[in-house]
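**Q** Below is one structure. I have some questions about it.
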Amino acid sequence: MTDRRKQSIIAGGLTSSAGIFLSKALGILYVSPFTALVSESNTAYYAYAYSIYDLLLRISLAGLPFAMAALVAKYLVKDDLKTVILIRKLSMSIMAVFGFVSMMIVLVFSKGIATLIVTENMTAETLLRTQNVLMIISLALFVVPLLSSFRGFYQGMKYLKEYAFSQVLEQFSRILFLLGMGFLLVVILKKDSMWAVYFAVLSTSVSALISIFQFLFLDKKVYKDLKLRADLQETEPVNHKEILIEMFNFSIPFFLMSIFSMGFSISNLFLFNRSMYLISDNEPQIKLLYSMIMFTTNKLTSIPQVLAPGFSIAIIPYITASYERNDMKEVRKYITDALNTVLYLAIPLSFLLYFLSEPIYYVMYGAKNVALGSVVLKIATLLALTGTISPVVTTMMMSLRMKRNAMTNWIVAFFINMISIMPLIYLFNFYGSVLAAAISSSYVIFVSLFQVRKTLKVRYKKTVRLMFLMFLGMVAFYMVSVLFNWIFHDPTQYPRFLMLIILGFGSVFALSAYFALTYYLQVPQAIFGENFADRIIGRFRR
């Protein structure tokens with residue numbers, strides 16, 4: 001394999017991850033002013049809306065964007081452009097129908113769903129507000145699947161830069177609308193802070209529409225050219241019934257697997273409040289903890305988790321194309337390249353949240369609940385790491401036609417989560433919620449890697465050795481973070497903006513210590529190639 005081909009999946013994964021990282025970074029930056037606008041207790045309504053939205057969005061998408069990307073990549077390899085166009089038309093139509101049905105379900109049954117989420121113990125006002133945010137988010141269940149159909153098409157075409165840009169554009173426009181309308185209504189017009197929550201939920205639909213227009217503009221060049229080339233194709237496209245069968249053979253297992261992979265969100269959505277009421281009747285505290293776990297700390301743990309969708313986006317077209325060529329050597333190389341890269345970056349980014357949890361939480365959300373918030377963030381570090389690796393491993397299995405194994409693993413993991421959350425919360429308080437999710441994700445990781453090794457003879461010896469060296473590199477990271485926490489033992493003594501600058505320098509020093517020690521141990525050279533440093537320096541010079 002040439003150096004260029006070796007780097008292709010890494011470059012694609014890092015490009016996609018960079019776009020998602022910028023999107024997540026913007027998403028994190030808006031949290032502090034947004035929380036100030038709506039108050040920390042009202043963010044629970046925002047979390048309720050997005051919990052049910054995430055669940056139903058996966059149902060309405062039904063794994064079709066990933067199926068679309070895989071099939072587009074497959075038929076591009078075969079140079080069957082007419083079939084590529086047919087795949088796009090069929091996928092977009094199906095996703096539009098599914099999205100419309102999901103929207104109507106939420107609109108019609110919003111009151112019943114709200115009651116199920118907040119339980120009968122909550123006040124009538126809480127129930128009404130929850131119902132309102134559910135009705136608003138329902139529009140996004142129609143618009144976002146349309147956006148996902150465009151993304152699935154261009155993912156399969158390997159337009160990963162455009163894919164990444166669309167995510168940044170969507171997030172930027174969402175935040176601009178969210179904060180702008182919130183400031184107008186709450187600060188200038190003196191409306192109730194719940195109006196800021198309502199428009200924040202609406203911002204998802206507005207930003208999705210803006211990103212759709214970006215792809216329509218791209219269509220004028222790319223899709224138009226594809227259609228012109230397809231007109232010159234002499235052979236007929238594959239029968240649409242065969243395409244539909246192939247599409248659903250891929251998407252249905254992916255859809256079921258993605259639903260079961262939401263064990264953390266589903267179990268917390270329906271069981272967290274009930275479980276917490278077994279040990280406490282403090283409604284404000286329960287709402288605050290739910291908001292911290294599902295919204296505030298979840299925003300922070302999403303930083304390392306950007307690697308999961310980033311590399312999943314790259315894995316599907318690259319591994320699918322190699323698998324179609326029956327180049328198993330290249331497939332095995334892609335698997336280990338992706339796994340090693342994700343581990344190398346996810347480990348320090350995850351533990352950054354653990355070692356610097358108090359200053360990070362203070363900078364993002366203020367001093368009011370910093371003690372409790374930093375504790376929640378520490379335990380959530382488990383999800384930052386397992387939630388990064390498990391989706392990457394699962395996407396590998398889906399691309400390798402191991403759908404049944406992947407689905408079975410997540411079904412088992414789902415029931416592990418659902419069965420264990422209540423007793424773990426009863427035993428360990430709110431910690432049990434995160435522990436249940438981390439145990440189920442770990443099950444998926446280890447069982448899936450074993451199945452891939454057994455099927456494709458993939459060897460993880462190098463990965464295990466590199467991972468050991470990565471954790472050895474964390475010793476330097478730990479020493480810097482200990483020094484930082486000793487010097488700035490009470491971050492609340494400093495203004496938040498000043499602490500942000502101090503935290504930025506501390507994070508850079510800690511991460512630099514990790515990269516320096518692992519560079520000495522030859523870890524990045526083994527992953528990215530011996531001359532990776534020269535390439536990076538060359539890019540900066542240009």
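Residue names in the structure tokens use chain letters A, B, ... in the order shown, residue numbers from 1 in each chain, and ligand numbers from 1 in the order shown.
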Env of segment 63-76 of chain A: 8 Å cut, atoms = only C-alpha atoms, seq-sep filter 5 positions within chain, self excluded. Answer as a PyMOL selection string.
**A** chain A and resi 58+81+83-84+87-88+91+95+148-149+151-158+247-248+250-255+258+316-317+320-321+324+399
**Q** So what do you get for atom CA of Ala208 of chain A versus atom CA of Ile175 of chain A, distance-wise?
**A**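 Atom CA of Ala208 of chain A sits 12.0 Å away from atom CA of Ile175 of chain A.
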**Q** Write out as number ranges by chain each polymer residue whose atoms come within 9 Å of Leu456 of chain A, counting only C-alpha atoms; drop sequence neighbours fewer than 4 positions from it.
**A** A: 328, 331-332, 451-452
**Q** Taking only C-alpha atoms into account, name the residue in A:Val393, A:Ile379, A:Val238, A:Val222 that is nearest to Leu86 of chain A.
**A** A:Val238
**Q** If I take atom CA of Thr395 of chain A and atom CA of Val444 of chain A, how far is one from the other in Å, to one decimal?
**A** 11.8 Å
**Q** How many Å lie between atom CA of Leu466 of chain A and atom CA of Gly506 of chain A, rounded to one decimal?
**A**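 Distance reported for this atom pair: 25.4 Å.
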**Q** Using only C-alpha atoms, which of A:Tyr163, A:Val186, A:Glu242, A:Leu107 sits nearest Ile212 of chain A?
**A**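 Residue with the minimum atom-to-atom distance to Ile212 of chain A: A:Tyr163.
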**Q** With only C-alpha atoms counted and 12 Å as the cut-off, give the residues of segment 274-368 of chain A in contact with segment 109-117 of chain A, each with its shortest interatomic distance in Å and the pair that gives it, as JSON lines.
**A**
{"residue": "A:Arg274", "atom": "CA", "partner": "A:Ile117", "partner_atom": "CA", "distance": 9.6}
{"residue": "A:Lys287", "atom": "CA", "partner": "A:Ile117", "partner_atom": "CA", "distance": 11.6}
{"residue": "A:Tyr290", "atom": "CA", "partner": "A:Ile117", "partner_atom": "CA", "distance": 11.5}
**Q** Store the residues of this selection in a file with C-alpha atoms, as a compact mmCIF listing (two decimals), in the first residue's frame.
**A**
# COMPACT_ATOMS: atom_id res chain seq x y z
CA ARG A 274 -38.20 7.35 38.37
CA LYS A 287 -34.08 18.09 37.21
CA TYR A 290 -30.73 15.25 34.56
**Q** I'd like the neighbourhood of Ser374 of chain A as a PyMOL selection string, where a residue qualifies if any of its atoms comes within 9 Å (using only C-alpha atoms), though same-chain residues fewer than 3 positions away should be ignored.
**A** chain A and resi 297+354+356-362+369-371+377-379
**Q** Output C-alpha atoms for every residue in that selection, as a compact mmCIF listing (two decimals), in the first residue's frame.
**A**
# COMPACT_ATOMS: atom_id res chain seq x y z
CA THR A 297 -21.60 17.65 30.76
CA TYR A 354 -11.34 14.35 34.24
CA LEU A 356 -9.35 19.57 34.83
CA SER A 357 -13.06 19.03 35.51
CA GLU A 358 -13.53 21.83 38.05
CA PRO A 359 -11.98 24.71 36.06
CA ILE A 360 -13.65 23.45 32.86
CA TYR A 361 -17.09 23.36 34.46
CA TYR A 362 -16.58 26.75 36.09
CA ASN A 369 -23.16 24.47 40.85
CA VAL A 370 -19.46 23.99 40.11
CA ALA A 371 -18.84 21.47 42.91
CA LEU A 377 -18.10 15.66 34.63
CA LYS A 378 -15.48 13.38 36.19
CA ILE A 379 -17.71 10.32 36.02
**Q** Please provide as a PyMOL selection string all residues within 10 Å of Val482 of chain A, with the sequence filter that same-chain residues fewer than 5 positions apart are discarded (counting only C-alpha atoms).
**A** chain A and resi 355-356+477+487-489+510
**Q** Those selected residues, please, written with C-alpha atoms and delivered as a PDB file, in the first residue's frame.
**A**
ATOM      1  CA  PHE A 355      -8.157  16.001  35.444  1.00  0.00           C
ATOM      2  CA  LEU A 356      -9.354  19.570  34.830  1.00  0.00           C
ATOM      3  CA  PHE A 477      -0.200  14.758  31.050  1.00  0.00           C
ATOM      4  CA  ILE A 487      -1.565  26.435  41.484  1.00  0.00           C
ATOM      5  CA  PHE A 488      -5.202  27.190  40.632  1.00  0.00           C
ATOM      6  CA  HIS A 489      -6.824  25.076  43.334  1.00  0.00           C
ATOM      7  CA  ALA A 510      -0.851  19.109  29.348  1.00  0.00           C
TER       8      ALA A 510
END
